[in-house]
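Have a look at entry11.cif below; it lists mmCIF, C-alpha atoms.
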data_coords
#
loop_
_atom_site.label_atom_id
_atom_site.label_comp_id
_atom_site.auth_asym_id
_atom_site.auth_seq_id
_atom_site.Cartn_x
_atom_site.Cartn_y
_atom_site.Cartn_z
CA MET T 1 23.56 171.35 238.41
CA SER T 2 20.26 170.17 236.90
CA ARG T 3 17.09 172.09 237.66
CA LEU T 4 13.71 170.34 237.78
CA LEU T 5 10.20 171.76 237.56
CA ILE T 6 7.56 169.86 239.55
CA ALA T 7 3.90 170.50 238.65
CA GLU T 8 1.95 168.82 241.46
CA ASP T 9 -1.01 170.22 243.44
CA GLU T 10 -0.95 167.64 246.27
CA SER T 11 1.32 169.38 248.78
CA ARG T 12 2.37 166.19 250.59
CA ILE T 13 3.50 164.48 247.41
CA ALA T 14 5.16 167.63 246.06
CA ALA T 15 7.12 168.07 249.30
CA PHE T 16 8.15 164.40 249.28
CA ILE T 17 9.43 164.59 245.71
CA GLU T 18 11.18 167.90 246.26
CA LYS T 19 12.91 166.71 249.42
CA GLY T 20 14.19 163.55 247.74
CA LEU T 21 15.46 165.33 244.64
CA LYS T 22 17.22 168.00 246.68
CA ALA T 23 18.88 165.27 248.75
CA ASN T 24 20.31 163.98 245.48
CA GLY T 25 21.82 167.31 244.51
CA LEU T 26 19.08 168.56 242.17
CA LEU T 27 17.54 172.03 242.16
CA THR T 28 13.74 172.09 242.24
CA THR T 29 10.84 174.48 241.74
CA VAL T 30 7.27 173.45 242.60
CA VAL T 31 4.12 174.84 240.96
CA THR T 32 0.56 173.78 241.72
CA ASN T 33 -1.31 174.66 238.53
CA ALA T 34 -1.12 174.23 234.77
CA HIS T 35 -0.78 177.94 234.00
CA GLU T 36 2.48 178.30 235.93
CA ALA T 37 3.73 174.96 234.64
CA MET T 38 3.25 176.13 231.04
CA LEU T 39 5.02 179.44 231.59
CA LEU T 40 8.03 178.00 233.41
CA ALA T 41 8.38 174.97 231.15
CA GLN T 42 8.91 177.35 228.23
CA SER T 43 11.34 179.62 230.09
CA GLY T 44 14.43 177.61 229.15
CA GLU T 45 15.51 177.53 232.81
CA PHE T 46 14.71 173.87 233.49
CA ASP T 47 16.18 170.53 232.46
CA LEU T 48 13.11 168.38 233.14
CA LEU T 49 9.42 168.64 234.05
CA ILE T 50 7.62 166.23 236.37
CA LEU T 51 3.98 166.74 235.42
CA ASP T 52 0.91 165.61 237.35
CA LEU T 53 -2.10 165.10 235.08
CA GLY T 54 -4.66 166.04 237.73
CA LEU T 55 -3.91 169.76 238.01
CA PRO T 56 -6.79 171.94 239.26
CA ASP T 57 -7.05 174.51 236.46
CA GLN T 58 -6.35 172.35 233.41
CA ASP T 59 -5.71 168.71 232.64
CA GLY T 60 -2.01 167.91 232.58
CA LEU T 61 -2.43 166.03 229.32
CA THR T 62 -3.50 169.29 227.70
CA VAL T 63 -0.38 170.97 229.07
CA LEU T 64 1.74 168.17 227.65
CA GLU T 65 0.14 168.30 224.20
CA THR T 66 0.33 172.11 224.09
CA LEU T 67 4.01 172.16 224.97
CA ARG T 68 4.84 169.55 222.37
CA GLY T 69 2.65 171.30 219.82
CA GLN T 70 4.68 174.46 220.35
CA GLY T 71 7.90 172.57 219.74
CA GLU T 72 9.03 172.45 223.39
CA ARG T 73 11.55 169.61 223.72
CA LEU T 74 11.97 169.72 227.52
CA PRO T 75 11.96 166.12 228.89
CA ILE T 76 8.65 165.46 230.63
CA ILE T 77 7.86 162.67 233.08
CA VAL T 78 4.13 162.28 233.66
CA LEU T 79 3.18 161.49 237.26
CA THR T 80 -0.44 160.46 237.81
CA ALA T 81 -2.91 158.24 239.61
CA ARG T 82 -4.39 157.24 236.23
CA ASP T 83 -3.01 153.75 235.82
CA ASP T 84 -5.18 152.34 233.03
CA ILE T 85 -3.50 151.49 229.74
CA HIS T 86 -5.51 154.06 227.75
CA ALA T 87 -4.31 156.93 229.95
CA LYS T 88 -0.73 155.72 229.68
CA VAL T 89 -0.91 155.43 225.90
CA ALA T 90 -2.48 158.90 225.68
CA GLY T 91 0.32 160.35 227.79
CA LEU T 92 3.09 158.75 225.79
CA GLU T 93 1.50 159.57 222.46
CA GLY T 94 0.95 163.12 223.71
CA GLY T 95 4.70 163.52 224.02
CA ALA T 96 5.67 162.30 227.48
CA ASP T 97 9.18 160.87 227.76
CA ASP T 98 8.17 158.60 230.64
CA TYR T 99 5.13 157.75 232.76
CA VAL T 100 5.02 156.99 236.52
CA THR T 101 1.82 156.01 238.33
CA LYS T 102 0.88 156.77 241.93
CA PRO T 103 1.59 155.37 244.44
CA PHE T 104 5.25 155.15 243.56
CA ARG T 105 8.64 154.49 245.15
CA PHE T 106 10.99 157.44 245.15
CA GLU T 107 13.95 155.41 243.93
CA GLU T 108 11.99 154.47 240.80
CA LEU T 109 11.15 158.10 240.07
CA LEU T 110 14.74 159.12 240.74
CA ALA T 111 16.05 156.46 238.38
CA ARG T 112 13.72 157.66 235.63
CA VAL T 113 14.75 161.27 236.25
CA ARG T 114 18.40 160.31 235.95
CA VAL T 115 17.79 158.51 232.67
CA GLN T 116 16.12 161.57 231.16
CA LEU T 117 18.83 163.93 232.41
CA ARG T 118 21.53 161.61 231.14
CA ASN T 119 19.89 161.52 227.72
CA ARG T 120 19.67 165.31 227.68
CA GLN T 121 23.20 166.02 228.87
CA ALA T 122 26.62 164.95 227.67
CA PRO T 123 27.44 161.35 228.60
CA SER T 124 28.96 160.99 232.05
CA SER T 125 32.47 159.63 232.39
CA LYS T 126 33.01 156.22 233.92
CA GLU T 127 34.43 157.85 237.06
CA ASP T 128 31.21 159.86 237.56
CA MET T 129 29.21 156.64 237.64
CA VAL T 130 31.21 154.98 240.44
CA LEU T 131 30.94 155.94 244.12
CA THR T 132 33.88 154.82 246.26
CA ILE T 133 34.52 155.14 249.98
CA GLY T 134 37.42 153.12 251.39
CA LYS T 135 37.16 149.58 250.08
CA VAL T 136 33.50 149.92 249.06
CA SER T 137 32.56 150.91 245.52
CA LEU T 138 29.13 151.18 243.82
CA ASN T 139 28.79 151.33 240.06
CA LEU T 140 25.62 153.30 239.37
CA ARG T 141 25.46 152.21 235.76
CA THR T 142 25.89 148.44 236.15
CA ARG T 143 24.60 148.26 239.77
CA GLU T 144 27.69 146.24 240.71
CA VAL T 145 29.02 146.48 244.27
CA GLN T 146 32.48 145.54 245.49
CA VAL T 147 34.25 145.46 248.84
CA GLY T 148 37.91 145.39 247.89
CA ASN T 149 38.01 142.99 244.96
CA ARG T 150 35.09 140.95 246.26
CA PRO T 151 31.71 141.34 244.49
CA ILE T 152 28.72 141.81 246.81
CA GLU T 153 25.07 141.12 246.06
CA LEU T 154 22.67 143.85 247.22
CA SER T 155 18.91 143.97 246.83
CA ALA T 156 17.46 146.99 245.02
CA ARG T 157 16.53 148.62 248.33
CA GLU T 158 19.92 147.88 249.89
CA PHE T 159 21.63 149.41 246.85
CA ILE T 160 19.63 152.66 247.12
CA LEU T 161 20.39 152.87 250.85
CA ALA T 162 24.10 152.23 250.25
CA GLU T 163 24.14 154.84 247.46
CA THR T 164 22.56 157.40 249.79
CA PHE T 165 25.27 156.87 252.39
CA LEU T 166 28.10 156.96 249.85
CA ARG T 167 26.82 160.20 248.34
CA TYR T 168 26.96 161.90 251.73
CA PRO T 169 29.99 160.48 253.59
CA GLY T 170 30.42 161.82 257.10
CA GLN T 171 26.95 163.39 257.11
CA VAL T 172 24.44 162.30 259.74
CA MET T 173 21.27 161.00 258.09
CA SER T 174 18.18 160.75 260.28
CA ARG T 175 15.94 157.71 260.12
CA GLU T 176 13.15 159.90 258.73
CA GLN T 177 15.39 161.19 255.92
CA LEU T 178 16.42 157.67 254.97
CA LEU T 179 12.86 156.39 255.21
CA ASN T 180 11.51 159.12 252.92
CA HIS T 181 14.35 158.84 250.44
CA VAL T 182 14.58 155.07 250.12
CA TRP T 183 11.09 153.78 250.90
CA GLY T 184 8.72 156.59 249.98
CA TYR T 185 6.01 158.73 251.45
CA GLU T 186 3.52 155.92 252.15
CA TYR T 187 5.62 154.26 254.87
CA ASP T 188 4.93 154.66 258.59
CA PRO T 189 7.48 157.09 260.12
CA GLY T 190 7.52 154.88 263.22
CA SER T 191 8.75 151.86 261.28
CA ASN T 192 12.08 150.25 262.22
CA ILE T 193 12.76 149.19 258.63
CA VAL T 194 15.69 151.62 258.33
CA ASP T 195 17.45 149.98 261.27
CA VAL T 196 16.82 146.54 259.77
CA TYR T 197 18.35 147.48 256.41
CA VAL T 198 21.30 149.25 257.98
CA GLY T 199 21.94 145.93 259.71
CA TYR T 200 21.85 144.17 256.34
CA LEU T 201 24.39 146.63 254.89
CA ARG T 202 26.72 146.26 257.85
CA LYS T 203 26.78 142.49 257.36
CA LYS T 204 27.51 142.80 253.64
CA LEU T 205 29.77 145.88 253.48
CA GLY T 206 31.47 145.80 256.88
CA ASN T 207 30.32 146.34 260.45
CA ASP T 208 32.42 149.47 260.91
CA LEU T 209 31.27 151.27 257.78
CA ILE T 210 28.02 152.77 259.08
CA GLU T 211 28.10 154.41 262.49
CA THR T 212 25.10 154.90 264.76
CA VAL T 213 24.82 158.46 266.05
CA ARG T 214 22.72 158.13 269.17
CA GLY T 215 19.49 160.10 269.07
CA MET T 216 20.17 161.37 265.55
CA GLY T 217 20.55 158.58 263.01
CA TYR T 218 23.39 157.06 261.01
CA ARG T 219 26.60 158.26 259.42
CA LEU T 220 28.99 156.71 256.89
CA ARG T 221 32.52 156.70 258.27
CA THR T 222 35.04 158.19 255.86
#

Once you've parsed the file, please lay out its structure as structure tokens.
Amino acid sequence: MSRLLIAEDESRIAAFIEKGLKANGLLTTVVTNAHEAMLLAQSGEFDLLILDLGLPDQDGLTVLETLRGQGERLPIIVLTARDDIHAKVAGLEGGADDYVTKPFRFEELLARVRVQLRNRQAPSSKEDMVLTIGKVSLNLRTREVQVGNRPIELSAREFILAETFLRYPGQVMSREQLLNHVWGYEYDPGSNIVDVYVGYLRKKLGNDLIETVRGMGYRLRT
């Protein structure tokens, strides 16, 4: 199981990222300053570093350049509110493997994390890239969806929601969990958008696939 180091001093964002990554089967450790990030990044215990540039004790770009200067090859995804082209170029030239600006959608960050982990690890087999429950199958590599032998078109958001359900069949997922995982931390917890998109999936994948658990959320029937 992959282990990720998150260097982020904004507790709300750090908790949001950590919760989403854990929900996708990844182990996480959060640090809030550059000193700890440097020490742990060089420990050999982690598979990837998500690095905020605005750390309180030292600029994250300095951390990045120092690690690369010492020969550390750990994949690093820079996460920052600095969205100008000069900051992005500096990050990439400093040795970042990828660059994500705030505010961000969790599914985008997750996709970028998966790319870096896939590049670091042995290639996954075809079977590992396909989720199947009953007649429904999702190919994570090609983003193709089928119900039986019939191809189905899903939007990017619908695909992430469907993937979440298929990864946890039989498990009750609360609306808040789905909202945080699929839409991100900036959405209103009181929004009914989860219910709307569950309705879309039921129409496309089958009305009986996703079950409403009254007072709790939704569950994928196995």

To test your reading of the syntax: which residues would the PyMOL selection byres ((chain T and resi 10-22) around 12) return for the file shown? Reply as JSON, numbers by chain. {"T": [1, 2, 3, 4, 5, 6, 7, 8, 9, 23, 24, 25, 26, 27, 28, 29, 30, 31, 32, 33, 50, 51, 52, 53, 54, 55, 56, 79, 80, 81, 102, 103, 104, 105, 106, 107, 108, 109, 110, 111, 112, 113, 114, 164, 176, 177, 178, 179, 180, 181, 182, 183, 184, 185, 186, 187]}

Separation of CA of Asp98 (chain T) from CA of Leu166 (chain T), in Å and rounded to one decimal: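 Computing the Euclidean distance for CA of Asp98 (chain T) and CA of Leu166 (chain T) yields 27.7 Å.
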
Provide the CA of Gln70 (chain T) to CA of Phe46 (chain T) distance in Å, to one decimal place.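 One can read the CA of Gln70 (chain T) to CA of Phe46 (chain T) distance as 16.5 Å.
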
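Across the structure, CA of Lys203 (chain T) and CA of Arg219 (chain T) are spaced 15.9 Å apart.
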
Neighbours of Phe165 (chain T) within 9 Å (all atoms listed in the file; same-chain residues fewer than 6 positions away dropped), as a list in words?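 Result of the neighbour search: Gln171, Met173, Ile210, Tyr218, Arg219 and Leu220 of chain T.
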
Given the PyMOL selection byres ((chain T and resi 222) around 8) and the file above, list the residues it selects as a PyMOL selection string. chain T and resi 133-134+169-170+220-221

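With only C-alpha atoms as the atoms that count, the minimum distance from Leu131 (chain T) to the choices T:Glu163, T:Glu72, T:Glu144, T:Glu36 is reached by T:Glu163.
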
I'd like the contact shell of Leu61 (chain T) - 10 Å cut-off, all atoms listed in the file, skipping same-chain residues fewer than 3 positions apart - returned as a list in words.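 Surrounding residues, per the criterion: Ala34, Leu51, Asp52, Leu53, Gly54, Leu55, Gln58, Leu64, Glu65, Thr66, Leu67, Val78, Ala87, Ala90, Gly91, Leu92, Gly94, Gly95 and Ala96 of chain T.
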
Option closest in space to Ala162 (chain T), from T:Leu205, T:Asp47, T:Asp195, T:Val130 [counting all atoms listed in the file]: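 Result for the nearest residue to Ala162 (chain T): T:Leu205.
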
Nearest residue to Lys135 (chain T) from the set T:Asn149, T:Val100, T:Gly215, T:Arg73 (distances using all atoms listed in the file): T:Asn149

Counting all atoms listed in the file, which residue out of T:Ile85, T:Thr132, T:Tyr99, T:Leu201 sits closest to Gln146 (chain T)?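 Of T:Ile85, T:Thr132, T:Tyr99, T:Leu201, the one nearest Gln146 (chain T) is T:Thr132, counting all atoms listed in the file.
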
Using all atoms listed in the file, can you tell me which of T:Glu93, T:Val63, T:Pro75, T:Ser174 comes closest to Leu39 (chain T)?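 Closest residue, counting all atoms listed in the file: T:Val63.
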
Block slice region 200-215 of chain T, all heavy atoms, emitted as a CSV table (one decimal), in the first residue's frame:
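Result file selection-v7.csv:
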chain,number,residue,atom,x,y,z
T,200,TYR,N,-28.6,10.8,-11.6
T,200,TYR,CA,-28.0,10.6,-12.9
T,200,TYR,C,-27.4,9.2,-13.1
T,200,TYR,O,-27.6,8.6,-14.1
T,200,TYR,CB,-26.9,11.6,-13.1
T,200,TYR,CG,-27.3,13.1,-13.2
T,200,TYR,CD1,-26.4,14.1,-13.0
T,200,TYR,CD2,-28.6,13.4,-13.4
T,200,TYR,CE1,-26.7,15.4,-13.0
T,200,TYR,CE2,-29.0,14.8,-13.5
T,200,TYR,CZ,-28.1,15.8,-13.3
T,200,TYR,OH,-28.4,17.1,-13.3
T,201,LEU,N,-26.7,8.7,-12.1
T,201,LEU,CA,-26.1,7.4,-12.2
T,201,LEU,C,-27.1,6.3,-12.3
T,201,LEU,O,-27.0,5.3,-13.0
T,201,LEU,CB,-25.1,7.1,-11.0
T,201,LEU,CG,-23.8,7.8,-11.0
T,201,LEU,CD1,-22.9,7.3,-9.8
T,201,LEU,CD2,-23.0,7.6,-12.3
T,202,ARG,N,-28.2,6.5,-11.5
T,202,ARG,CA,-29.2,5.5,-11.5
T,202,ARG,C,-29.9,5.4,-12.9
T,202,ARG,O,-30.2,4.2,-13.4
T,202,ARG,CB,-30.3,5.8,-10.5
T,202,ARG,CG,-29.9,5.5,-9.0
T,202,ARG,CD,-30.9,6.0,-8.0
T,202,ARG,NE,-30.7,5.5,-6.7
T,202,ARG,CZ,-31.2,6.0,-5.6
T,202,ARG,NH1,-31.9,7.1,-5.7
T,202,ARG,NH2,-30.9,5.4,-4.4
T,203,LYS,N,-30.1,6.5,-13.5
T,203,LYS,CA,-30.6,6.5,-14.9
T,203,LYS,C,-29.7,5.8,-15.9
T,203,LYS,O,-30.2,5.1,-16.8
T,203,LYS,CB,-31.0,7.9,-15.3
T,203,LYS,CG,-32.1,8.6,-14.6
T,203,LYS,CD,-32.3,10.0,-15.1
T,203,LYS,CE,-33.5,10.6,-14.3
T,203,LYS,NZ,-33.7,12.1,-14.7
T,204,LYS,N,-28.4,6.0,-15.7
T,204,LYS,CA,-27.4,5.5,-16.7
T,204,LYS,C,-27.0,4.1,-16.4
T,204,LYS,O,-26.7,3.3,-17.3
T,204,LYS,CB,-26.2,6.4,-16.8
T,204,LYS,CG,-26.6,7.8,-17.3
T,204,LYS,CD,-25.3,8.7,-17.5
T,204,LYS,CE,-25.7,10.0,-18.1
T,204,LYS,NZ,-24.5,10.9,-18.3
T,205,LEU,N,-26.9,3.7,-15.1
T,205,LEU,CA,-26.3,2.4,-14.8
T,205,LEU,C,-27.3,1.4,-14.3
T,205,LEU,O,-27.0,0.2,-14.2
T,205,LEU,CB,-25.2,2.6,-13.7
T,205,LEU,CG,-24.1,3.6,-14.0
T,205,LEU,CD1,-23.1,3.6,-12.8
T,205,LEU,CD2,-23.4,3.2,-15.3
T,206,GLY,N,-28.5,1.9,-14.0
T,206,GLY,CA,-29.6,1.0,-13.5
T,206,GLY,C,-30.2,1.5,-12.2
T,206,GLY,O,-29.4,1.9,-11.2
T,207,ASN,N,-31.5,1.6,-12.1
T,207,ASN,CA,-32.1,2.1,-10.9
T,207,ASN,C,-31.9,1.4,-9.6
T,207,ASN,O,-32.0,1.9,-8.5
T,207,ASN,CB,-33.6,2.2,-11.2
T,207,ASN,CG,-34.0,3.3,-12.2
T,207,ASN,OD1,-33.3,4.4,-12.2
T,207,ASN,ND2,-35.0,3.1,-13.0
T,208,ASP,N,-31.6,0.1,-9.8
T,208,ASP,CA,-31.5,-0.8,-8.6
T,208,ASP,C,-30.0,-0.9,-8.1
T,208,ASP,O,-29.7,-1.5,-7.1
T,208,ASP,CB,-32.0,-2.2,-8.9
T,208,ASP,CG,-33.5,-2.2,-9.2
T,208,ASP,OD1,-34.2,-1.4,-8.7
T,208,ASP,OD2,-33.9,-3.1,-9.9
T,209,LEU,N,-29.1,-0.2,-8.8
T,209,LEU,CA,-27.7,-0.4,-8.4
T,209,LEU,C,-27.3,0.3,-7.1
T,209,LEU,O,-26.6,-0.2,-6.3
T,209,LEU,CB,-26.8,0.2,-9.6
T,209,LEU,CG,-25.3,0.0,-9.4
T,209,LEU,CD1,-24.9,-1.5,-9.4
T,209,LEU,CD2,-24.5,0.7,-10.4
T,210,ILE,N,-27.8,1.6,-7.0
T,210,ILE,CA,-27.4,2.4,-5.8
T,210,ILE,C,-28.7,2.5,-4.9
T,210,ILE,O,-29.7,2.9,-5.3
T,210,ILE,CB,-27.0,3.7,-6.2
T,210,ILE,CG1,-25.7,3.6,-7.1
T,210,ILE,CG2,-26.6,4.6,-5.0
T,210,ILE,CD1,-25.3,4.9,-7.7
T,211,GLU,N,-28.5,2.0,-3.7
T,211,GLU,CA,-29.6,2.0,-2.7
T,211,GLU,C,-29.5,3.1,-1.7
T,211,GLU,O,-28.4,3.5,-1.3
T,211,GLU,CB,-29.5,0.7,-1.9
T,211,GLU,CG,-30.5,0.5,-0.8
T,211,GLU,CD,-30.2,-0.8,0.0
T,211,GLU,OE1,-29.1,-1.3,-0.1
T,211,GLU,OE2,-31.1,-1.1,0.8
T,212,THR,N,-30.7,3.8,-1.4
T,212,THR,CA,-30.7,4.8,-0.4
T,212,THR,C,-30.9,4.2,0.9
T,212,THR,O,-31.7,3.3,1.2
T,212,THR,CB,-31.9,5.7,-0.7
T,212,THR,OG1,-31.8,6.3,-2.0
T,212,THR,CG2,-32.0,6.8,0.4
T,213,VAL,N,-30.0,4.5,1.8
T,213,VAL,CA,-30.1,4.1,3.2
T,213,VAL,C,-30.6,5.3,4.1
T,213,VAL,O,-29.9,6.2,4.3
T,213,VAL,CB,-28.7,3.6,3.8
T,213,VAL,CG1,-28.8,3.1,5.2
T,213,VAL,CG2,-28.1,2.5,2.8
T,214,ARG,N,-31.8,5.2,4.4
T,214,ARG,CA,-32.5,6.4,5.0
T,214,ARG,C,-31.7,6.9,6.3
T,214,ARG,O,-31.4,6.1,7.2
T,214,ARG,CB,-33.9,6.0,5.4
T,214,ARG,CG,-34.8,7.2,5.9
T,214,ARG,CD,-36.2,6.7,6.2
T,214,ARG,NE,-36.8,6.2,4.9
T,214,ARG,CZ,-37.4,6.9,4.0
T,214,ARG,NH1,-37.4,8.3,4.1
T,214,ARG,NH2,-38.0,6.4,3.0
T,215,GLY,N,-31.5,8.2,6.2
T,215,GLY,CA,-30.8,8.9,7.4
T,215,GLY,C,-29.3,8.7,7.4
T,215,GLY,O,-28.7,9.2,8.3
